[in-house]
file input28.txt (compact mmCIF, C-alpha atoms (C1' of nucleotides))
# COMPACT_ATOMS: atom_id res chain seq x y z
CA MET A 1 191.28 72.06 70.87
CA GLN A 2 189.25 68.95 71.25
CA LEU A 3 185.60 69.17 72.15
CA PRO A 4 184.49 67.32 75.27
CA PHE A 5 181.72 64.74 75.25
CA PHE A 6 178.82 66.39 77.00
CA THR A 7 177.68 63.05 78.41
CA ASP A 8 180.98 62.72 80.28
CA SER A 9 180.65 62.48 84.07
CA ASP A 10 183.33 65.04 84.96
CA VAL A 11 181.68 68.43 84.56
CA VAL A 12 184.74 70.26 85.86
CA ASN A 13 186.87 68.78 83.10
CA ILE A 14 184.24 69.66 80.52
CA ALA A 15 184.14 73.26 81.72
CA ARG A 16 187.92 73.47 81.39
CA SER A 17 187.91 71.78 77.98
CA LEU A 18 185.36 74.17 76.53
CA VAL A 19 187.59 77.22 76.96
CA GLY A 20 189.21 78.10 73.64
CA ASN A 21 186.52 76.49 71.49
CA PHE A 22 183.76 78.31 69.65
CA VAL A 23 180.07 78.81 70.27
CA PHE A 24 177.69 80.02 67.57
CA SER A 25 174.03 80.84 67.33
CA SER A 26 171.68 81.46 64.48
CA VAL A 27 168.64 83.16 65.90
CA GLY A 28 166.27 85.15 63.75
CA GLY A 29 168.42 84.40 60.71
CA SER A 30 171.48 86.11 62.18
CA LEU A 31 174.76 84.26 62.65
CA THR A 32 176.71 85.29 65.74
CA GLY A 33 179.44 83.70 67.80
CA GLY A 34 182.92 83.71 69.20
CA MET A 35 185.58 81.92 71.20
CA ILE A 36 184.71 80.79 74.70
CA THR A 37 186.96 82.57 77.19
CA GLU A 38 185.33 81.88 80.54
CA THR A 39 183.28 79.00 82.00
CA GLU A 40 182.15 77.67 85.35
CA ALA A 41 181.25 74.13 86.42
CA TYR A 42 178.21 73.30 88.56
CA CYS A 43 177.77 69.80 89.89
CA GLY A 44 174.55 68.40 91.32
CA GLU A 45 176.21 65.76 93.45
CA ARG A 46 179.14 67.59 95.01
CA ASP A 47 178.30 71.25 94.91
CA LEU A 48 176.25 73.38 97.30
CA ALA A 49 175.95 76.09 94.66
CA MET A 50 174.03 73.79 92.34
CA GLN A 51 172.13 72.11 95.18
CA LYS A 52 170.83 75.41 96.51
CA HIS A 53 170.14 76.64 93.00
CA LEU A 54 167.92 73.62 92.43
CA LEU A 55 166.08 74.18 95.69
CA ARG A 56 165.29 77.71 94.68
CA ARG A 57 164.32 76.79 91.12
CA PRO A 58 162.60 73.41 91.16
CA SER A 59 161.36 73.93 87.63
CA SER A 60 164.96 73.80 86.40
CA VAL A 61 165.36 70.19 87.46
CA THR A 62 163.57 68.81 84.42
CA THR A 63 166.01 70.32 81.95
CA LEU A 64 169.11 69.68 84.02
CA LYS A 65 168.33 65.99 84.47
CA LYS A 66 168.22 65.38 80.77
CA LYS A 67 171.12 63.88 78.85
CA GLY A 68 174.12 66.17 78.38
CA GLY A 69 174.39 68.28 75.25
CA ILE A 70 171.44 70.65 75.54
CA ALA A 71 171.15 74.27 76.62
CA TYR A 72 169.89 75.24 80.06
CA ILE A 73 168.83 78.88 79.92
CA TYR A 74 167.17 80.71 82.78
CA THR A 75 166.65 84.26 83.95
CA VAL A 76 168.21 85.96 86.97
CA TYR A 77 167.64 89.40 88.39
CA GLY A 78 164.50 89.68 86.35
CA TYR A 79 165.99 90.08 82.91
CA HIS A 80 169.42 88.51 82.58
CA SER A 81 169.61 85.21 80.69
CA MET A 82 172.21 82.66 81.79
CA PHE A 83 173.42 80.24 79.12
CA ASN A 84 174.52 76.84 80.39
CA ILE A 85 175.24 73.51 78.75
CA VAL A 86 173.81 70.45 80.48
CA THR A 87 176.33 67.63 80.95
CA ASN A 88 176.48 64.03 82.17
CA GLU A 89 174.01 61.21 81.63
CA VAL A 90 170.28 61.28 82.30
CA GLY A 91 169.43 61.85 85.96
CA TYR A 92 172.41 64.03 86.91
CA THR A 93 172.08 67.77 87.38
CA ASP A 94 175.43 69.02 86.09
CA SER A 95 176.01 71.99 83.84
CA VAL A 96 178.62 74.41 82.56
CA LEU A 97 177.86 78.13 82.65
CA ILE A 98 179.33 80.01 79.71
CA ARG A 99 180.45 83.30 81.27
CA ALA A 100 182.23 85.09 78.45
CA ILE A 101 183.24 84.80 74.83
CA SER A 102 185.46 86.77 72.52
CA PRO A 103 183.16 87.76 69.65
CA THR A 104 184.28 86.85 66.15
CA VAL A 105 181.17 86.60 63.95
CA GLY A 106 178.20 88.91 63.56
CA LEU A 107 179.55 91.87 65.49
CA ASP A 108 177.04 94.20 63.88
CA ILE A 109 174.13 92.00 64.99
CA MET A 110 175.52 91.85 68.52
CA GLN A 111 175.87 95.62 68.64
CA GLU A 112 172.24 95.89 67.61
CA ARG A 113 171.06 93.49 70.27
CA ARG A 114 173.20 94.96 73.04
CA GLY A 115 172.54 98.57 72.21
CA SER A 116 174.85 101.07 70.64
CA ASN A 117 177.80 102.74 72.33
CA ILE A 118 179.03 99.38 73.60
CA ALA A 119 182.73 98.77 73.01
CA VAL A 120 183.48 95.48 71.26
CA ARG A 121 185.39 94.13 74.20
CA ASN A 122 182.28 94.68 76.35
CA LEU A 123 179.91 92.98 73.93
CA CYS A 124 180.16 89.48 75.40
CA SER A 125 182.26 89.96 78.55
CA GLY A 126 179.73 88.49 80.97
CA PRO A 127 177.16 85.71 81.14
CA ALA A 128 174.15 87.97 80.56
CA LYS A 129 175.96 90.01 77.92
CA LEU A 130 176.86 87.05 75.71
CA SER A 131 173.38 85.61 76.04
CA GLN A 132 171.91 88.88 74.87
CA ALA A 133 174.46 89.28 72.09
CA LEU A 134 173.80 85.76 70.79
CA GLY A 135 170.03 86.11 71.12
CA LEU A 136 169.79 83.33 73.71
CA THR A 137 166.70 83.50 75.91
CA PRO A 138 164.79 80.98 78.04
CA ALA A 139 162.68 80.33 74.94
CA LEU A 140 165.64 78.23 73.76
CA ASN A 141 165.87 76.25 76.99
CA GLY A 142 166.43 72.57 76.16
CA GLU A 143 167.76 73.30 72.68
CA PRO A 144 170.51 70.85 71.62
CA VAL A 145 174.01 72.32 71.21
CA VAL A 146 175.32 69.51 69.01
CA ASN A 147 174.09 68.59 65.53
CA ASN A 148 171.93 71.68 65.59
CA ASN A 149 171.84 74.84 63.52
CA THR A 150 170.35 77.13 66.17
CA ILE A 151 173.02 76.84 68.89
CA TRP A 152 176.18 74.81 68.43
CA ILE A 153 179.76 74.37 69.62
CA GLU A 154 182.69 74.05 67.23
CA SER A 155 186.16 72.89 68.09
CA ASN A 156 189.12 75.21 67.61
CA ALA A 157 191.83 73.24 65.84
CA GLU A 158 194.29 76.13 66.09
CA PHE A 159 194.15 76.54 69.81
CA ASN A 160 197.10 75.29 71.85
CA ALA A 161 195.67 74.43 75.15
CA ALA A 162 196.45 73.82 78.70
CA GLU A 163 198.86 76.35 80.09
CA SER A 164 196.93 79.43 79.05
CA ILE A 165 193.86 78.40 81.06
CA ILE A 166 193.56 79.59 84.65
CA SER A 167 191.26 78.21 87.33
CA ALA A 168 189.75 80.34 90.08
CA PRO A 169 186.75 80.45 92.45
CA ARG A 170 183.35 81.01 90.91
CA ILE A 171 181.55 84.33 90.83
CA GLY A 172 178.36 85.35 92.60
CA ILE A 173 177.72 82.24 94.69
CA ASP A 174 178.17 83.47 98.25
CA TYR A 175 175.19 81.35 99.24
CA ALA A 176 177.08 78.12 98.46
CA LYS A 177 177.96 77.39 102.07
CA GLU A 178 176.32 76.19 105.24
CA ASP A 179 176.12 77.83 108.61
CA LYS A 180 178.78 76.65 111.01
CA LYS A 181 176.05 75.72 113.49
CA ASP A 182 173.39 73.10 113.01
CA ASP A 183 169.69 73.79 113.56
CA LYS A 184 170.11 73.27 117.31
CA GLY A 185 172.85 75.85 117.51
CA LYS A 186 175.65 73.35 117.97
CA PRO A 187 178.87 73.82 116.03
CA ARG A 188 179.50 71.54 113.10
CA PRO A 189 182.23 71.35 110.45
CA ALA A 190 181.69 74.17 108.02
CA ARG A 191 180.78 73.14 104.52
CA ASP A 192 181.85 75.78 102.05
CA ASP A 193 181.90 75.37 98.29
CA THR A 194 182.34 79.04 97.47
CA SER A 195 186.05 78.69 96.83
CA LEU A 196 186.11 75.58 94.67
CA PRO A 197 188.38 76.45 91.71
CA TRP A 198 185.72 75.64 89.15
CA ARG A 199 185.95 78.81 87.10
CA PHE A 200 188.15 78.68 84.01
CA THR A 201 189.42 81.68 82.10
CA LEU A 202 191.71 82.20 79.18
CA LYS A 203 194.86 83.97 80.27
CA GLN A 204 194.86 87.61 79.17
CA GLY A 205 197.00 88.72 76.30
CA VAL A 206 197.57 85.32 74.72
C1' DA B 207 148.96 90.03 99.09
C1' DT B 208 153.65 90.69 100.46
C1' DA B 209 158.46 89.61 101.11
C1' DA B 210 163.16 88.22 100.00
C1' DA B 211 166.86 87.06 97.24
C1' DG B 212 169.33 86.33 93.29
C1' DA B 213 175.07 81.99 88.72
C1' DT B 214 174.19 90.57 86.72
C1' DC B 215 175.11 95.08 84.50
C1' DA B 216 176.25 99.86 83.99
C1' DT B 217 177.52 103.74 86.15
C1' DT B 218 179.63 106.67 89.80
C1' DA C 219 180.49 100.79 95.73
C1' DT C 220 175.69 101.23 94.47
C1' DG C 221 171.13 101.39 92.22
C1' DA C 222 168.19 99.23 88.70
C1' DT C 223 164.99 95.81 87.91
C1' DC C 224 161.59 91.73 88.09
C1' DT C 225 160.99 86.70 88.24
C1' DT C 226 160.54 82.95 91.21
C1' DT C 227 159.44 80.93 95.39
C1' DA C 228 157.67 80.94 100.07
C1' DT C 229 154.41 82.41 103.41
C1' DG C 230 150.13 84.38 105.41
call {"tool": "encode", "arguments": {"input": "input28.txt", "output": "structure tokens"}}
result
Amino acid sequence: MQLPFFTDSDVVNIARSLVGNFVFSSVGGSLTGGMITETEAYCGERDLAMQKHLLRRPSSVTTLKKKGGIAYIYTVYGYHSMFNIVTNEVGYTDSVLIRAISPTVGLDIMQERRGSNIAVRNLCSGPAKLSQALGLTPALNGEPVVNNNTIWIESNAEFNAAESIISAPRIGIDYAKEDKKDDKGKPRPARDDTSLPWRFTLKQGV
DNA sequence: ATAAAGATCATT
DNA sequence: ATGATCTTTATG
């Protein structure tokens, strides 16, 4: 399927369009990669999840404000790397989190990096898992994902698109809402972005 | 110096 | 459902 332009302004559409395409890495001389099966969109202008994320991690702003098409990689829970692709033009803080891939290349390398006794279907079935399997760490933050031979996206010409992609609420962002009362204790309209359907997955068994 | 909270994972 | 694990940020 066709690759999106990472400078496009609609991060939700980019997140959807990435599903079914390939991501590869060549880190430490080892080629690894697979088909993207799950993504999530985060939008600086319309999304409490991203807005609160930025408040908690001011140092991320620099990378996220750059022109779309580079990696944004940060650590959560102490040792899990999250691999995102920055989108939109300079000055916007939009990105797509790659949450899962179906591994196709370099399975042996991935096994090594992830530790033995891991079933293949569990190699890259989560955002921290695929980052580890592909060797992506915050050291590669800011690395381009187009015209690059370290991390890159390739389109999947074979993939027949739309109807096998499902949208759903995003994972692990319970904080992406406001209290129903303002700071004086008066009720206000609740703002809640936790259920935006900005998570895209490939339908099982296709 | 201490506290609190994560865009998670593996196991029970 | 729960514990592991530790960086980042805020506060005193």
call {"tool": "interface_residues", "arguments": {"input": "input28.txt", "of": "chain C", "to": "chain A", "cutoff": "12 Å", "atoms": "all atoms listed in the file", "output": "short mmCIF file (atom, residue, chain, number, x, y, z; two decimals) with C-alpha atoms (C1' of nucleotides), keeping the file's coordinate frame"}}
result
data_model
loop_
_atom_site.label_atom_id
_atom_site.label_comp_id
_atom_site.auth_asym_id
_atom_site.auth_seq_id
_atom_site.Cartn_x
_atom_site.Cartn_y
_atom_site.Cartn_z
"C1'" DA C 222 168.19 99.23 88.70
"C1'" DT C 223 164.99 95.81 87.91
"C1'" DC C 224 161.59 91.73 88.09
"C1'" DT C 225 160.99 86.70 88.24
"C1'" DT C 226 160.54 82.95 91.21
"C1'" DT C 227 159.44 80.93 95.39
"C1'" DA C 228 157.67 80.94 100.07
#
call {"tool": "closest_atom_pairs", "arguments": {"input": "input28.txt", "of": "chain B", "to": "chain A", "cutoff": "7 Å", "atoms": "all atoms listed in the file", "output": "tab-separated table"}}
result
residue	atom	partner	partner_atom	distance
B:DG212	C1'	A:Tyr77	CA	6.0
B:DA213	C1'	A:Gly172	CA	6.1
B:DT214	C1'	A:His80	CA	6.6
call {"tool": "residues_around", "arguments": {"input": "input28.txt", "residues": "stretch 143-149 of chain A", "least_positions_apart": "3", "cutoff": "6 Å", "atoms": "all atoms listed in the file", "output": "list in words"}}
result
Gly69, Ile70, Ala71, Leu140 and Trp152 of chain A
call {"tool": "residues_around", "arguments": {"input": "input28.txt", "residues": "B:DT218", "least_positions_apart": "3", "cutoff": "12 Å", "atoms": "all atoms listed in the file", "output": "PDB file with C-alpha atoms (C1' of nucleotides), in the coordinates of the input"}}
result
ATOM      1  C1'  DA C 219     180.490 100.790  95.730  1.00  0.00           C
ATOM      2  C1'  DT C 220     175.690 101.230  94.470  1.00  0.00           C
ATOM      3  C1'  DG C 221     171.130 101.390  92.220  1.00  0.00           C
TER       4       DG C 221
END
call {"tool": "atom_distance", "arguments": {"input": "input28.txt", "atom1": "atom CA of A:Thr201", "atom2": "atom CA of A:Gly20"}}
result
9.2 Å
call {"tool": "decode", "arguments": {"input": "input28.txt", "residues": "chain C", "atoms": "N, CA, C and O atoms (P, O5', C5', C4', C3', O3' and C1' of nucleotides)", "output": "mmCIF file, in the first residue's frame"}}
result
data_model
loop_
_atom_site.group_PDB
_atom_site.id
_atom_site.type_symbol
_atom_site.label_atom_id
_atom_site.label_comp_id
_atom_site.auth_asym_id
_atom_site.auth_seq_id
_atom_site.Cartn_x
_atom_site.Cartn_y
_atom_site.Cartn_z
ATOM 1 P P DA C 219 -8.930 -8.601 36.077
ATOM 2 O "O5'" DA C 219 -7.650 -8.487 37.048
ATOM 3 C "C5'" DA C 219 -7.836 -8.917 38.358
ATOM 4 C "C4'" DA C 219 -6.545 -9.254 39.053
ATOM 5 C "C3'" DA C 219 -5.825 -8.047 39.679
ATOM 6 O "O3'" DA C 219 -5.334 -8.438 40.940
ATOM 7 C "C1'" DA C 219 -4.376 -9.161 38.168
ATOM 8 P P DT C 220 -4.681 -7.294 41.836
ATOM 9 O "O5'" DT C 220 -3.126 -7.554 41.600
ATOM 10 C "C5'" DT C 220 -2.636 -8.892 41.727
ATOM 11 C "C4'" DT C 220 -1.129 -8.899 41.547
ATOM 12 C "C3'" DT C 220 -0.401 -7.657 42.069
ATOM 13 O "O3'" DT C 220 0.768 -8.065 42.745
ATOM 14 C "C1'" DT C 220 0.177 -8.008 39.832
ATOM 15 P P DG C 221 1.462 -7.049 43.765
ATOM 16 O "O5'" DG C 221 2.995 -7.269 43.414
ATOM 17 C "C5'" DG C 221 3.488 -8.600 43.220
ATOM 18 C "C4'" DG C 221 4.742 -8.555 42.374
ATOM 19 C "C3'" DG C 221 5.755 -7.502 42.807
ATOM 20 O "O3'" DG C 221 7.060 -8.049 42.679
ATOM 21 C "C1'" DG C 221 5.141 -7.125 40.560
ATOM 22 P P DA C 222 8.348 -7.219 43.026
ATOM 23 O "O5'" DA C 222 8.940 -6.923 41.572
ATOM 24 C "C5'" DA C 222 9.127 -8.013 40.682
ATOM 25 C "C4'" DA C 222 9.876 -7.537 39.460
ATOM 26 C "C3'" DA C 222 10.997 -6.538 39.761
ATOM 27 O "O3'" DA C 222 12.060 -6.791 38.864
ATOM 28 C "C1'" DA C 222 9.406 -5.518 38.344
ATOM 29 P P DT C 223 13.514 -6.318 39.271
ATOM 30 O "O5'" DT C 223 13.598 -4.935 38.491
ATOM 31 C "C5'" DT C 223 13.377 -4.933 37.087
ATOM 32 C "C4'" DT C 223 13.333 -3.490 36.610
ATOM 33 C "C3'" DT C 223 14.259 -2.556 37.411
ATOM 34 O "O3'" DT C 223 14.998 -1.749 36.521
ATOM 35 C "C1'" DT C 223 12.064 -1.704 37.380
ATOM 36 P P DC C 224 16.487 -1.280 37.047
ATOM 37 O "O5'" DC C 224 16.611 0.223 36.543
ATOM 38 C "C5'" DC C 224 16.066 0.609 35.284
ATOM 39 C "C4'" DC C 224 15.691 2.083 35.360
ATOM 40 C "C3'" DC C 224 16.439 2.864 36.441
ATOM 41 O "O3'" DC C 224 16.580 4.216 36.035
ATOM 42 C "C1'" DC C 224 14.196 3.125 36.792
ATOM 43 P P DT C 225 17.956 4.672 35.214
ATOM 44 O "O5'" DT C 225 17.483 5.866 34.249
ATOM 45 C "C5'" DT C 225 16.740 5.550 33.084
ATOM 46 C "C4'" DT C 225 15.626 6.561 32.869
ATOM 47 C "C3'" DT C 225 16.069 8.012 33.060
ATOM 48 O "O3'" DT C 225 15.719 8.724 31.892
ATOM 49 C "C1'" DT C 225 14.086 7.557 34.319
ATOM 50 P P DT C 226 16.326 10.176 31.663
ATOM 51 O "O5'" DT C 226 15.085 11.088 32.077
ATOM 52 C "C5'" DT C 226 13.849 10.871 31.445
ATOM 53 C "C4'" DT C 226 12.771 11.641 32.171
ATOM 54 C "C3'" DT C 226 13.173 13.089 32.509
ATOM 55 O "O3'" DT C 226 12.252 13.979 31.905
ATOM 56 C "C1'" DT C 226 12.230 11.978 34.406
ATOM 57 P P DT C 227 12.650 15.532 31.876
ATOM 58 O "O5'" DT C 227 11.673 16.131 32.987
ATOM 59 C "C5'" DT C 227 10.317 15.667 33.029
ATOM 60 C "C4'" DT C 227 9.698 16.001 34.375
ATOM 61 C "C3'" DT C 227 10.055 17.396 34.889
ATOM 62 O "O3'" DT C 227 8.865 18.156 35.034
ATOM 63 C "C1'" DT C 227 10.287 15.749 36.597
ATOM 64 P P DA C 228 8.933 19.666 35.616
ATOM 65 O "O5'" DA C 228 8.505 19.424 37.129
ATOM 66 C "C5'" DA C 228 7.378 18.602 37.417
ATOM 67 C "C4'" DA C 228 7.122 18.581 38.918
ATOM 68 C "C3'" DA C 228 7.319 19.926 39.610
ATOM 69 O "O3'" DA C 228 6.287 20.106 40.582
ATOM 70 C "C1'" DA C 228 8.738 18.333 40.601
ATOM 71 P P DT C 229 6.186 21.511 41.343
ATOM 72 O "O5'" DT C 229 6.748 21.188 42.808
ATOM 73 C "C5'" DT C 229 6.261 20.038 43.510
ATOM 74 C "C4'" DT C 229 7.075 19.827 44.773
ATOM 75 C "C3'" DT C 229 7.414 21.116 45.536
ATOM 76 O "O3'" DT C 229 7.088 20.955 46.912
ATOM 77 C "C1'" DT C 229 9.337 19.810 45.233
ATOM 78 P P DG C 230 7.091 22.277 47.917
ATOM 79 O "O5'" DG C 230 8.143 21.877 49.023
ATOM 80 C "C5'" DG C 230 8.118 20.562 49.597
ATOM 81 C "C4'" DG C 230 9.400 20.303 50.351
ATOM 82 C "C3'" DG C 230 9.895 21.469 51.196
ATOM 83 O "O3'" DG C 230 10.331 20.996 52.454
ATOM 84 C "C1'" DG C 230 11.596 20.780 49.713
#
